[in-house]
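So this block is work.txt, compact mmCIF, C-alpha atoms and all ligand atoms:
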# COMPACT_ATOMS: atom_id res chain seq x y z
CA MET A 15 114.84 120.18 83.24
CA ALA A 16 114.70 121.42 86.84
CA LEU A 17 117.79 120.49 88.82
CA LYS A 18 117.33 118.17 91.78
CA ASN A 19 119.23 119.46 94.80
CA LEU A 20 120.37 116.77 97.20
CA LEU A 21 122.22 117.25 100.47
CA LEU A 22 124.30 114.21 101.40
CA LEU A 23 124.94 113.71 105.11
CA ALA A 24 126.96 110.49 105.32
CA GLY A 25 127.66 110.67 109.08
CA ASP A 26 129.73 108.14 110.99
CA GLY A 27 130.78 104.49 110.96
CA ILE A 28 129.39 102.64 107.94
CA GLY A 29 127.38 105.74 106.90
CA PRO A 30 130.10 107.03 104.52
CA GLU A 31 130.74 103.51 103.17
CA ALA A 32 127.08 103.01 102.24
CA MET A 33 126.75 106.60 100.96
CA ALA A 34 129.75 106.08 98.63
CA GLU A 35 127.67 103.54 96.69
CA VAL A 36 124.80 106.00 96.27
CA LYS A 37 127.24 108.70 95.17
CA LYS A 38 128.51 106.38 92.42
CA LEU A 39 124.93 105.69 91.38
CA ILE A 40 124.05 109.40 91.26
CA ALA A 41 127.18 110.17 89.19
CA ALA A 42 126.33 107.34 86.78
CA MET A 43 122.71 108.53 86.47
CA ASN A 44 123.84 112.07 85.72
CA ASP A 45 126.33 110.82 83.10
CA THR A 46 124.21 108.29 81.28
CA LEU A 47 120.62 109.36 81.91
CA ASP A 48 121.11 113.12 82.32
CA SER A 49 119.16 112.91 85.59
CA GLY A 50 120.09 116.41 86.78
CA PHE A 51 121.02 115.62 90.38
CA VAL A 52 123.13 118.29 92.05
CA THR A 53 124.77 117.21 95.28
CA ASP A 54 126.21 119.08 98.21
CA GLU A 55 127.64 117.52 101.35
CA GLY A 56 127.63 118.27 105.06
CA LEU A 57 128.57 116.80 108.41
CA VAL A 58 126.25 115.20 110.92
CA GLY A 59 126.76 113.14 114.05
CA GLY A 60 130.10 112.44 115.69
CA CYS A 61 132.10 113.83 112.74
CA ALA A 62 130.18 117.12 113.04
CA TYR A 63 130.86 117.18 116.78
CA ASP A 64 134.57 116.69 116.12
CA ALA A 65 134.55 119.54 113.57
CA HIS A 66 132.18 122.06 115.19
CA GLY A 67 131.33 120.85 118.70
CA ALA A 68 127.70 120.28 117.62
CA ALA A 69 125.96 117.24 116.12
CA ILE A 70 125.00 119.38 113.15
CA SER A 71 126.10 122.96 112.46
CA ASP A 72 123.58 125.75 111.78
CA ALA A 73 125.09 126.10 108.29
CA ASP A 74 124.48 122.44 107.44
CA MET A 75 121.02 122.66 108.99
CA ALA A 76 120.25 125.59 106.67
CA LYS A 77 121.46 123.55 103.69
CA ALA A 78 119.12 120.71 104.73
CA MET A 79 116.18 123.12 104.95
CA ALA A 80 116.93 124.43 101.45
CA ALA A 81 117.57 121.09 99.69
CA ASP A 82 114.92 119.25 97.66
CA ALA A 83 115.86 116.15 99.64
CA VAL A 84 118.43 115.01 102.18
CA LEU A 85 120.18 111.63 102.00
CA PHE A 86 121.38 110.52 105.42
CA GLY A 87 123.81 107.69 106.23
CA ALA A 88 124.13 106.87 109.94
CA VAL A 89 125.44 108.50 113.11
CA GLY A 90 126.97 107.48 116.41
CA GLY A 91 129.65 105.22 117.80
CA PRO A 92 131.65 104.47 120.95
CA LYS A 93 134.09 107.31 120.23
CA TRP A 94 131.38 109.77 121.31
CA ASP A 95 129.96 107.81 124.28
CA ALA A 96 131.22 110.43 126.74
CA VAL A 97 130.19 113.64 124.94
CA PRO A 98 127.46 115.75 126.59
CA TYR A 99 123.91 114.50 125.91
CA GLU A 100 122.88 117.69 124.05
CA VAL A 101 125.62 117.27 121.44
CA ARG A 102 125.69 113.46 121.17
CA PRO A 103 125.73 112.29 117.51
CA GLU A 104 122.08 111.18 117.51
CA ALA A 105 121.02 114.76 118.41
CA GLY A 106 121.94 115.79 114.85
CA LEU A 107 119.42 113.37 113.36
CA LEU A 108 116.74 114.36 115.86
CA ARG A 109 117.28 118.06 115.08
CA LEU A 110 116.93 117.38 111.35
CA ARG A 111 113.65 115.52 111.93
CA LYS A 112 112.25 118.18 114.27
CA ASP A 113 113.36 121.34 112.43
CA MET A 114 112.36 119.97 109.01
CA GLU A 115 109.04 118.80 110.56
CA LEU A 116 109.44 115.31 109.13
CA PHE A 117 106.50 113.82 111.00
CA ALA A 118 105.91 110.80 108.76
CA ASN A 119 108.51 108.03 108.71
CA LEU A 120 107.79 105.30 106.16
CA ARG A 121 109.64 102.06 106.82
CA PRO A 122 108.79 99.37 104.28
CA ALA A 123 109.82 95.82 105.13
CA ILE A 124 109.98 93.70 102.00
CA CYS A 125 111.38 90.19 101.93
CA TYR A 126 113.11 89.77 98.58
CA PRO A 127 112.38 86.25 97.21
CA ALA A 128 116.08 85.36 97.13
CA LEU A 129 116.40 85.99 100.89
CA ALA A 130 113.30 84.10 102.07
CA ALA A 131 115.28 80.94 102.80
CA SER A 132 118.02 82.76 104.70
CA SER A 133 115.80 84.52 107.26
CA SER A 134 116.07 83.47 110.89
CA LEU A 135 112.33 82.80 110.63
CA LYS A 136 110.74 79.95 108.65
CA GLN A 137 110.58 80.55 104.92
CA GLU A 138 106.76 80.39 104.76
CA VAL A 139 106.52 83.08 107.45
CA VAL A 140 108.47 85.71 105.47
CA GLU A 141 108.14 84.68 101.81
CA GLY A 142 106.34 87.44 99.87
CA LEU A 143 106.30 89.76 102.88
CA ASP A 144 105.50 93.39 102.03
CA ILE A 145 104.50 95.57 104.98
CA LEU A 146 104.85 99.26 105.65
CA ILE A 147 105.42 100.75 109.09
CA VAL A 148 104.30 104.36 109.33
CA ARG A 149 106.06 105.78 112.37
CA GLU A 150 105.20 109.19 113.88
CA LEU A 151 108.57 110.95 113.97
CA THR A 152 108.39 114.40 115.56
CA GLY A 153 106.42 113.79 118.75
CA GLY A 154 105.98 111.38 121.63
CA VAL A 155 108.58 110.55 124.23
CA TYR A 156 111.41 111.56 121.89
CA PHE A 157 110.58 115.24 122.22
CA GLY A 158 108.10 115.58 125.14
CA GLU A 159 108.97 117.87 128.05
CA PRO A 160 110.08 117.54 130.78
CA LYS A 161 113.01 115.38 129.76
CA GLN A 162 115.60 115.46 132.50
CA ILE A 163 117.50 113.80 135.30
CA ILE A 164 116.78 115.31 138.72
CA ASP A 165 119.01 114.86 141.74
CA LEU A 166 116.70 113.91 144.63
CA GLY A 167 119.39 114.77 147.15
CA ASN A 168 119.23 111.45 149.02
CA GLY A 169 121.71 109.62 146.85
CA GLN A 170 118.93 108.95 144.38
CA LYS A 171 118.30 110.47 140.97
CA ARG A 172 115.14 110.49 138.88
CA GLY A 173 115.17 110.14 135.10
CA ILE A 174 112.13 111.62 133.36
CA ASP A 175 110.92 111.38 129.79
CA THR A 176 107.47 112.53 128.80
CA GLN A 177 105.17 110.96 126.22
CA VAL A 178 102.98 113.68 124.69
CA TYR A 179 100.64 113.55 121.71
CA ASP A 180 98.14 116.16 120.55
CA THR A 181 95.11 115.39 118.40
CA PHE A 182 96.54 117.01 115.24
CA GLU A 183 99.69 114.89 115.40
CA ILE A 184 97.73 111.65 115.56
CA GLU A 185 95.28 112.83 112.89
CA ARG A 186 97.99 113.72 110.37
CA ILE A 187 100.05 110.54 110.81
CA SER A 188 96.99 108.31 110.62
CA GLY A 189 95.92 110.25 107.49
CA VAL A 190 99.27 109.34 105.88
CA ALA A 191 98.78 105.67 106.83
CA PHE A 192 95.22 105.52 105.46
CA GLU A 193 96.22 107.26 102.20
CA LEU A 194 99.11 104.84 101.67
CA ALA A 195 96.91 101.84 102.54
CA ARG A 196 94.58 102.84 99.69
CA THR A 197 97.48 102.35 97.27
CA ARG A 198 98.26 98.93 98.77
CA LYS A 199 96.01 96.29 100.39
CA ASN A 200 93.70 98.84 102.02
CA HIS A 201 94.37 97.67 105.57
CA VAL A 202 95.74 99.69 108.52
CA THR A 203 96.67 98.30 111.94
CA SER A 204 97.13 100.98 114.60
CA MET A 205 99.38 100.06 117.53
CA GLU A 206 99.52 101.75 120.96
CA LYS A 207 99.23 100.79 124.62
CA ARG A 208 95.84 102.21 125.62
CA ASN A 209 95.73 99.71 128.47
CA VAL A 210 98.54 101.59 130.25
CA MET A 211 99.07 105.00 128.65
CA LYS A 212 96.76 108.01 128.41
CA SER A 213 98.47 108.96 125.16
CA GLY A 214 97.50 105.47 123.95
CA VAL A 215 93.85 106.10 124.81
CA LEU A 216 93.92 109.34 122.80
CA TRP A 217 95.84 107.70 119.94
CA ASN A 218 93.21 104.96 119.65
CA GLU A 219 90.35 107.48 119.81
CA VAL A 220 91.77 109.87 117.19
CA VAL A 221 92.74 107.10 114.74
CA SER A 222 89.17 105.73 114.99
CA GLN A 223 87.64 109.19 114.47
CA THR A 224 89.90 109.93 111.48
CA HIS A 225 88.95 106.57 110.02
CA LYS A 226 85.23 107.14 110.47
CA ALA A 227 85.32 110.69 109.10
CA ARG A 228 87.54 110.24 106.05
CA TYR A 229 88.70 106.68 105.44
CA ALA A 230 85.81 104.34 106.21
CA ASP A 231 86.62 102.38 103.02
CA VAL A 232 89.95 101.24 104.56
CA LYS A 233 89.97 98.23 106.92
CA LEU A 234 91.16 99.36 110.36
CA ASP A 235 92.35 97.17 113.24
CA HIS A 236 93.73 98.22 116.61
CA MET A 237 96.37 96.18 118.41
CA LEU A 238 98.29 96.68 121.64
CA ALA A 239 101.88 97.40 120.67
CA ASP A 240 103.41 94.55 122.70
CA ALA A 241 101.06 92.06 121.07
CA GLY A 242 101.91 93.72 117.76
CA GLY A 243 105.57 92.90 118.27
CA MET A 244 104.66 89.29 118.94
CA GLN A 245 102.36 89.11 115.87
CA LEU A 246 105.10 90.62 113.67
CA VAL A 247 107.27 87.61 114.44
CA ARG A 248 104.44 85.02 114.54
CA TRP A 249 102.68 85.84 111.25
CA PRO A 250 103.82 89.17 109.74
CA LYS A 251 101.86 88.69 106.53
CA GLN A 252 98.64 89.54 108.40
CA PHE A 253 99.77 93.20 108.20
CA ASP A 254 99.66 95.71 105.38
CA VAL A 255 100.23 99.18 106.91
CA ILE A 256 101.08 99.59 110.61
CA VAL A 257 100.71 103.07 112.12
CA THR A 258 102.29 103.75 115.47
CA ASP A 259 104.05 106.32 117.63
CA ASN A 260 107.68 107.39 117.63
CA LEU A 261 109.09 104.93 120.20
CA PHE A 262 106.97 101.89 119.33
CA GLY A 263 107.74 102.60 115.67
CA ASP A 264 111.47 102.61 116.40
CA MET A 265 111.29 99.21 118.07
CA LEU A 266 108.74 97.58 115.77
CA SER A 267 110.72 98.61 112.69
CA ASP A 268 113.90 96.98 114.00
CA ILE A 269 111.87 93.80 114.57
CA ALA A 270 110.44 94.08 111.05
CA ALA A 271 113.96 94.58 109.71
CA MET A 272 114.95 91.07 110.73
CA LEU A 273 111.98 89.63 108.83
CA THR A 274 113.69 90.84 105.66
CA GLY A 275 116.93 88.99 106.48
CA SER A 276 119.04 91.82 107.91
CA ILE A 277 118.77 95.33 109.25
CA GLY A 278 121.13 96.18 106.37
CA MET A 279 118.14 95.77 104.01
CA LEU A 280 115.65 98.29 105.41
CA PRO A 281 115.30 101.77 103.86
CA SER A 282 113.16 104.64 105.09
CA ALA A 283 111.65 107.95 104.05
CA SER A 284 110.92 110.77 106.50
CA LEU A 285 108.44 113.23 105.03
CA GLY A 286 106.96 116.57 106.01
CA ALA A 287 103.60 117.98 105.02
CA PRO A 288 103.21 119.21 101.41
CA ASP A 289 103.69 122.97 101.11
CA ALA A 290 100.32 124.66 100.56
CA LYS A 291 101.53 126.50 97.41
CA THR A 292 104.28 124.39 95.83
CA LYS A 293 102.98 120.98 97.05
CA LYS A 294 106.63 120.08 97.66
CA ARG A 295 107.42 118.34 100.94
CA LYS A 296 110.63 118.39 102.93
CA ALA A 297 112.16 114.94 102.97
CA LEU A 298 115.05 112.93 104.37
CA TYR A 299 115.92 109.39 103.30
CA GLU A 300 117.94 107.07 105.49
CA PRO A 301 118.57 103.42 106.16
CA VAL A 302 116.96 102.11 109.37
CA HIS A 303 120.30 100.72 110.58
CA GLY A 304 122.88 102.63 112.58
CA SER A 305 126.59 103.27 112.19
CA ALA A 306 127.47 99.61 112.95
CA PRO A 307 130.73 100.37 114.79
CA ASP A 308 131.52 96.64 114.95
CA ILE A 309 131.99 96.41 111.17
CA ALA A 310 132.85 100.03 110.25
CA GLY A 311 135.94 100.47 108.08
CA LYS A 312 136.01 96.82 106.99
CA GLY A 313 134.29 97.31 103.64
CA ILE A 314 131.69 94.64 104.41
CA ALA A 315 128.59 96.73 105.25
CA ASN A 316 125.47 95.98 103.26
CA PRO A 317 124.72 99.08 101.14
CA ILE A 318 121.22 97.90 100.09
CA ALA A 319 119.28 99.84 102.77
CA MET A 320 121.06 103.04 101.67
CA ILE A 321 120.57 102.36 97.95
CA ALA A 322 116.90 101.45 98.52
CA SER A 323 116.52 104.71 100.50
CA PHE A 324 117.66 106.53 97.36
CA ALA A 325 115.00 104.61 95.41
CA MET A 326 112.43 105.99 97.88
CA CYS A 327 113.91 109.46 97.34
CA MET A 328 113.40 109.18 93.58
CA ARG A 329 109.83 107.94 94.12
CA TYR A 330 108.62 110.38 96.78
CA SER A 331 110.64 113.55 96.15
CA PHE A 332 111.07 113.54 92.37
CA GLY A 333 108.23 111.42 90.99
CA MET A 334 110.83 109.18 89.29
CA VAL A 335 108.66 106.11 89.78
CA ALA A 336 110.02 104.12 86.81
CA GLU A 337 113.62 104.68 87.93
CA ALA A 338 112.75 103.77 91.54
CA ASP A 339 111.06 100.56 90.38
CA ARG A 340 114.05 99.75 88.18
CA LEU A 341 116.50 100.30 91.04
CA GLU A 342 114.48 98.01 93.34
CA SER A 343 114.37 95.40 90.56
CA ALA A 344 118.15 95.71 90.16
CA ILE A 345 118.56 94.96 93.88
CA ALA A 346 116.30 91.90 93.55
CA ALA A 347 118.19 90.73 90.45
CA VAL A 348 121.59 90.97 92.10
CA LEU A 349 120.28 88.97 95.06
CA ASP A 350 118.80 86.41 92.64
CA GLN A 351 122.25 86.19 91.08
CA GLY A 352 123.56 84.99 94.47
CA LEU A 353 125.60 88.00 95.58
CA ARG A 354 125.53 88.53 99.35
CA THR A 355 127.23 90.78 101.87
CA SER A 356 128.19 88.92 105.05
CA ASP A 357 125.03 89.91 106.99
CA ILE A 358 122.81 88.03 104.50
CA LEU A 359 125.24 85.28 103.53
CA SER A 360 123.93 81.73 103.28
CA PRO A 361 125.52 78.50 102.05
CA GLY A 362 126.20 78.36 98.32
CA MET A 363 126.03 82.14 97.82
CA THR A 364 128.87 84.44 96.73
CA GLU A 365 130.19 86.73 99.45
CA VAL A 366 130.95 90.28 98.30
CA GLY A 367 131.93 93.52 100.02
CA THR A 368 130.14 96.88 100.06
CA THR A 369 131.73 98.16 96.84
CA GLU A 370 131.14 95.00 94.82
CA MET A 371 127.50 94.91 95.92
CA GLY A 372 127.07 98.58 94.96
CA ASP A 373 128.80 98.07 91.59
CA ALA A 374 126.65 95.04 90.77
CA ILE A 375 123.40 96.90 91.55
CA ILE A 376 124.47 99.96 89.54
CA ALA A 377 125.47 97.79 86.55
CA ARG A 378 122.08 96.02 86.63
CA PHE A 379 120.24 99.31 86.98
CA LEU A 380 122.03 100.94 84.05
CA GLY A 381 122.15 97.81 81.91
N1 LIG B 401 119.84 106.44 111.81
C1 LIG B 401 120.93 106.33 112.52
O1 LIG B 401 121.90 107.07 112.31
C2 LIG B 401 121.01 105.31 113.57
C3 LIG B 401 120.09 104.26 113.68
C4 LIG B 401 120.28 103.30 114.68
C5 LIG B 401 121.35 103.40 115.56
N2 LIG B 401 122.22 104.45 115.42
C6 LIG B 401 123.42 104.57 116.25
O2 LIG B 401 124.39 103.66 115.72
C7 LIG B 401 125.25 103.21 116.79
C8 LIG B 401 125.26 101.70 116.81
O3 LIG B 401 123.96 101.22 117.16
P1 LIG B 401 123.53 99.70 117.18
O4 LIG B 401 124.75 98.85 117.20
O5 LIG B 401 122.51 99.54 118.21
O6 LIG B 401 122.76 99.50 115.79
P2 LIG B 401 123.34 99.26 114.33
O7 LIG B 401 122.18 99.25 113.39
O8 LIG B 401 124.41 100.23 114.02
O9 LIG B 401 123.98 97.78 114.37
C9 LIG B 401 123.29 96.65 114.86
C10 LIG B 401 123.92 95.38 114.25
O10 LIG B 401 123.52 95.29 112.87
C11 LIG B 401 124.67 95.26 112.04
N3 LIG B 401 124.41 96.11 110.87
C12 LIG B 401 123.78 97.31 110.87
N4 LIG B 401 123.76 97.82 109.64
C13 LIG B 401 124.35 96.93 108.84
C14 LIG B 401 124.65 96.90 107.45
N5 LIG B 401 124.29 97.89 106.62
N6 LIG B 401 125.31 95.82 106.95
C15 LIG B 401 125.66 94.82 107.76
N7 LIG B 401 125.41 94.78 109.08
C16 LIG B 401 124.78 95.84 109.62
C17 LIG B 401 125.82 95.81 112.88
O11 LIG B 401 127.05 95.32 112.43
C18 LIG B 401 125.42 95.37 114.27
O12 LIG B 401 125.88 94.06 114.51
C19 LIG B 401 124.68 103.85 118.06
O13 LIG B 401 125.43 105.00 118.33
C20 LIG B 401 123.24 104.22 117.69
O14 LIG B 401 122.73 105.31 118.41
C21 LIG B 401 122.08 105.38 114.46
C1 LIG B 402 119.66 107.04 116.13
C2 LIG B 402 118.31 107.13 116.77
C3 LIG B 402 118.08 108.54 117.24
C4 LIG B 402 117.18 106.69 115.83
C5 LIG B 402 115.86 106.70 116.58
O1 LIG B 402 115.77 106.28 117.73
O2 LIG B 402 114.87 107.15 115.97
C6 LIG B 402 117.35 105.31 115.19
O3 LIG B 402 117.28 104.28 116.10
C7 LIG B 402 116.30 105.13 114.11
O4 LIG B 402 115.60 104.11 114.13
O5 LIG B 402 116.21 105.97 113.21
MG MG B 403 115.99 102.69 115.51
Structure rendered as structure tokens:
Amino acid sequence: MALKNLLLLAGDGIGPEAMAEVKKLIAAMNDTLDSGFVTDEGLVGGCAYDAHGAAISDADMAKAMAADAVLFGAVGGPKWDAVPYEVRPEAGLLRLRKDMELFANLRPAICYPALAASSSLKQEVVEGLDILIVRELTGGVYFGEPKQIIDLGNGQKRGIDTQVYDTFEIERISGVAFELARTRKNHVTSMEKRNVMKSGVLWNEVVSQTHKARYADVKLDHMLADAGGMQLVRWPKQFDVIVTDNLFGDMLSDIAAMLTGSIGMLPSASLGAPDAKTKKRKALYEPVHGSAPDIAGKGIANPIAMIASFAMCMRYSFGMVAEADRLESAIAAVLDQGLRTSDILSPGMTEVGTTEMGDAIIARFLG
């Protein structure tokens, strides 16, 4: 059996706490199922800055490029608030995305039945929710130039970020969304702000052209991104796949996270294009949440987003669909059993910490 090379980048704050649960799962899978995972580890974020003065070292970057898949925890925290912008913790994640060309970020928001009653929204609004946000991840205002602060010399400064999208970037991300929609409810909603932004006008045009040329069988709607945010909270079940740019995708996926009960529930996959010869794609899997400095070190972080990110890794990087399904079912079963970390706690449920939640999911998965 071919070995499966994983690079683990746990990062800062609750990143290492959540990653510890996935490490236990990987060790258990190797022991009992002979899964053949080989892991290496590296530093990213504030811990990498402390060690090397950079948010990720060239050596760890090279390991990420060579791995079959990268598992990423979270980066950032107040300790590094004052470090120079170029080497801030988040720069490590952005470099990984850019250098690995991970243009497609899949952020599924699923409301597990056991959590429907504990959402901040009404039960009927979120019950059975299963949507997928496809976020463009290597373009837009995150990477557009110029990006700078200019001193205007009159006591004023000017901060500039630039939103840039080329046709091929919009074509390839909308292609991913249409392909995935065909495996789901066959419905894509594209979100931009064509009423204000030129890049929004182009986005709308290219998504429509791609649809007409290659995916006319898929239902396509367009929505202004601000209205999309409102509709996500009003009646999220109207959506199947949402395709949107880097910044809108960042914000809309945090909104979608709360539909599932907590940001501690939302996994993601960041994928590159398949290699022309090997068909393998570079990939990084990470929870949508951050390093949660307010709860770091307390042993109470919800590890489900990290564990579910590993399920996505098995599905998308290794074709281990049965195992991925079983892991997701184990998460659902443990929630059905009433176990809750504090972020998803509701009356009558049993509060557990990060380790107990991880142990319970692993036991269900293996049992
Ligand atoms: N992918 C990443 O590494 C990533 C993503 C988002 C934010 N960040 C960084 O993380 C730092 C903190 O950002 P923030 O506070 O805006 O966002 P955050 O996601 O870290 O936290 C927001 C809130 O959600 C809670 N939360 C998050 N994950 C949780 C979990 N697994 N279990 C329980 N509760 C959880 C936190 O306690 C906090 O109250 C910043 O430096 C930010 O740049 C990193
Ligand atoms: C940490 C930060 C750079 C990142 C982003 O803005 O993309 C995060 O918020 C995310 O959602 O993955
Ligand atoms: Mg975000």
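Using only C-alpha atoms for every distance, the candidate list A:Ala241, A:Ala131, A:Val257, A:Ile145 yields A:Val257 as the residue closest to Ile184 of chain A.
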> Counting only C-alpha atoms, which residues come within 9 Å of (120.5, 122.0, 109.0), with the point read in the file's coordinates, and could you list them as a list of chain:residue names?
Replying inline: A:Gly56, A:Ile70, A:Ser71, A:Asp72, A:Ala73, A:Asp74, A:Met75, A:Ala76, A:Lys77, A:Ala78, A:Met79, A:Ala80, A:Gly106, A:Arg109, A:Leu110, A:Asp113, A:Met114
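Comparing A:Asn119, A:Ser132, A:Asn218, A:Thr203 by their smallest distance to ligand MG 403 (chain B), the closest is A:Asn119 (using all atoms listed in the file).
The residue that comes closest to Leu280 of chain A, out of A:Asp259, A:Glu185, A:Asp339, A:Glu300 and on the basis of all atoms listed in the file, is A:Glu300.
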Would you compute an axis-aligned box for ligand LIG 402 (chain B), covering every atom listed for it in the file with 8 Å of margin on each side, and report centre and edge lengths in Å to one decimal as JSON?
{"center_x": 117.3, "center_y": 106.3, "center_z": 115.5, "size_x": 20.8, "size_y": 20.4, "size_z": 20.5}
> Expressed in Å to a single decimal, how great is the separation between atom CA of Gly87 of chain A and atom CA of Leu23 of chain A?
Replying inline: 6.2 Å
>> If I take atom CA of Pro281 of chain A and atom CA of Leu298 of chain A, how far is one from the other in Å, to one decimal?
In response: 11.2 Å
Please identify all polymer residues within 6 Å of segment 200-202 of chain A, counting all atoms listed in the file, omitting same-chain residues fewer than 2 positions from it, and present them as a PDB file with C-alpha atoms, in the frame of the given file.
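Here's the written file result-v2.pdb:
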ATOM      1  CA  ALA A 195      96.910 101.840 102.540  1.00  0.00           C
ATOM      2  CA  ARG A 196      94.580 102.840  99.690  1.00  0.00           C
ATOM      3  CA  ARG A 198      98.260  98.930  98.770  1.00  0.00           C
ATOM      4  CA  VAL A 232      89.950 101.240 104.560  1.00  0.00           C
ATOM      5  CA  LYS A 233      89.970  98.230 106.920  1.00  0.00           C
ATOM      6  CA  LEU A 234      91.160  99.360 110.360  1.00  0.00           C
ATOM      7  CA  ASP A 254      99.660  95.710 105.380  1.00  0.00           C
ATOM      8  CA  VAL A 255     100.230  99.180 106.910  1.00  0.00           C
ATOM      9  CA  ILE A 256     101.080  99.590 110.610  1.00  0.00           C
TER      10      ILE A 256
END
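Considering the residues A:Glu337, A:Asp357, A:Asp373, A:Asp144 and counting all atoms listed in the file, Met43 of chain A has its shortest atom-to-atom contact with A:Glu337.
Shortest separation to ligand LIG 401 (chain B) among A:Asp264, A:Glu55, A:Glu206, A:Asp235 occurs at residue A:Asp264, atoms counted being only C-alpha atoms and all ligand atoms.
Computed from the coordinates, the atom O6 of ligand LIG 401 (chain B) to atom CA of Asp268 of chain A distance equals 9.4 Å.
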>> For segment 174-180 of chain A, find every residue with an atom within 7 Å (counting only C-alpha atoms), except residues of its own chain fewer than 5 positions away, and show them as a VMD selection string.
In response: chain A and resid 153 to 155 158 to 163 213
Please produce, as a Markdown table, a per-residue contact table for chain A versus ligand LIG 402 (chain B) (criterion: any atom at most 7 Å away, all atoms listed in the file considered), showing the nearest atom pair and its distance in Å to one decimal, sorted by chain then residue number.
| residue | atom | partner | partner_atom | distance |
| --- | --- | --- | --- | --- |
| A:Val89 | CA | B:LIG402 | C1 | 6.7 |
| A:Glu104 | CA | B:LIG402 | C3 | 4.8 |
| A:Ala105 | CA | B:LIG402 | C3 | 7.0 |
| A:Leu107 | CA | B:LIG402 | C3 | 6.3 |
| A:Leu108 | CA | B:LIG402 | C3 | 6.1 |
| A:Asp264 | CA | B:LIG402 | O4 | 4.9 |
| A:Val302 | CA | B:LIG402 | O4 | 5.3 |
| A:His303 | CA | B:LIG402 | O4 | 6.8 |
| A:Gly304 | CA | B:LIG402 | C1 | 6.5 |
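Nearest to ligand MG 403 (chain B) of all the residues A:Ile277, A:Ala322, A:Met363, A:Cys125 is A:Ile277, counting all atoms listed in the file.
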Spatial neighbours of Leu116 of chain A, max dist 7 Å, only C-alpha atoms, sep filter under 6 positions, as a PDB file with C-alpha atoms, in the frame of the given file:
ATOM      1  CA  LEU A 151     108.570 110.950 113.970  1.00  0.00           C
ATOM      2  CA  THR A 152     108.390 114.400 115.560  1.00  0.00           C
ATOM      3  CA  SER A 284     110.920 110.770 106.500  1.00  0.00           C
ATOM      4  CA  LEU A 285     108.440 113.230 105.030  1.00  0.00           C
ATOM      5  CA  GLY A 286     106.960 116.570 106.010  1.00  0.00           C
ATOM      6  CA  ALA A 297     112.160 114.940 102.970  1.00  0.00           C
TER       7      ALA A 297
END
Place a sphere of radius 10 Å on (111.5, 96.5, 95.5) in the file coordinates and name every protein, DNA or RNA residue with an atom inside or on its surface, counting only C-alpha atoms; give the answer as a short mmCIF file (atom, residue, chain, number, x, y, z; two decimals) with C-alpha atoms, keeping the file's coordinate frame.
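For reference, point14.cif as written:
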data_model
loop_
_atom_site.label_atom_id
_atom_site.label_comp_id
_atom_site.auth_asym_id
_atom_site.auth_seq_id
_atom_site.Cartn_x
_atom_site.Cartn_y
_atom_site.Cartn_z
CA PRO A 122 108.79 99.37 104.28
CA ALA A 123 109.82 95.82 105.13
CA ILE A 124 109.98 93.70 102.00
CA CYS A 125 111.38 90.19 101.93
CA TYR A 126 113.11 89.77 98.58
CA ASP A 144 105.50 93.39 102.03
CA ALA A 322 116.90 101.45 98.52
CA ALA A 325 115.00 104.61 95.41
CA MET A 326 112.43 105.99 97.88
CA ALA A 338 112.75 103.77 91.54
CA ASP A 339 111.06 100.56 90.38
CA ARG A 340 114.05 99.75 88.18
CA LEU A 341 116.50 100.30 91.04
CA GLU A 342 114.48 98.01 93.34
CA SER A 343 114.37 95.40 90.56
CA ALA A 344 118.15 95.71 90.16
CA ILE A 345 118.56 94.96 93.88
CA ALA A 346 116.30 91.90 93.55
#
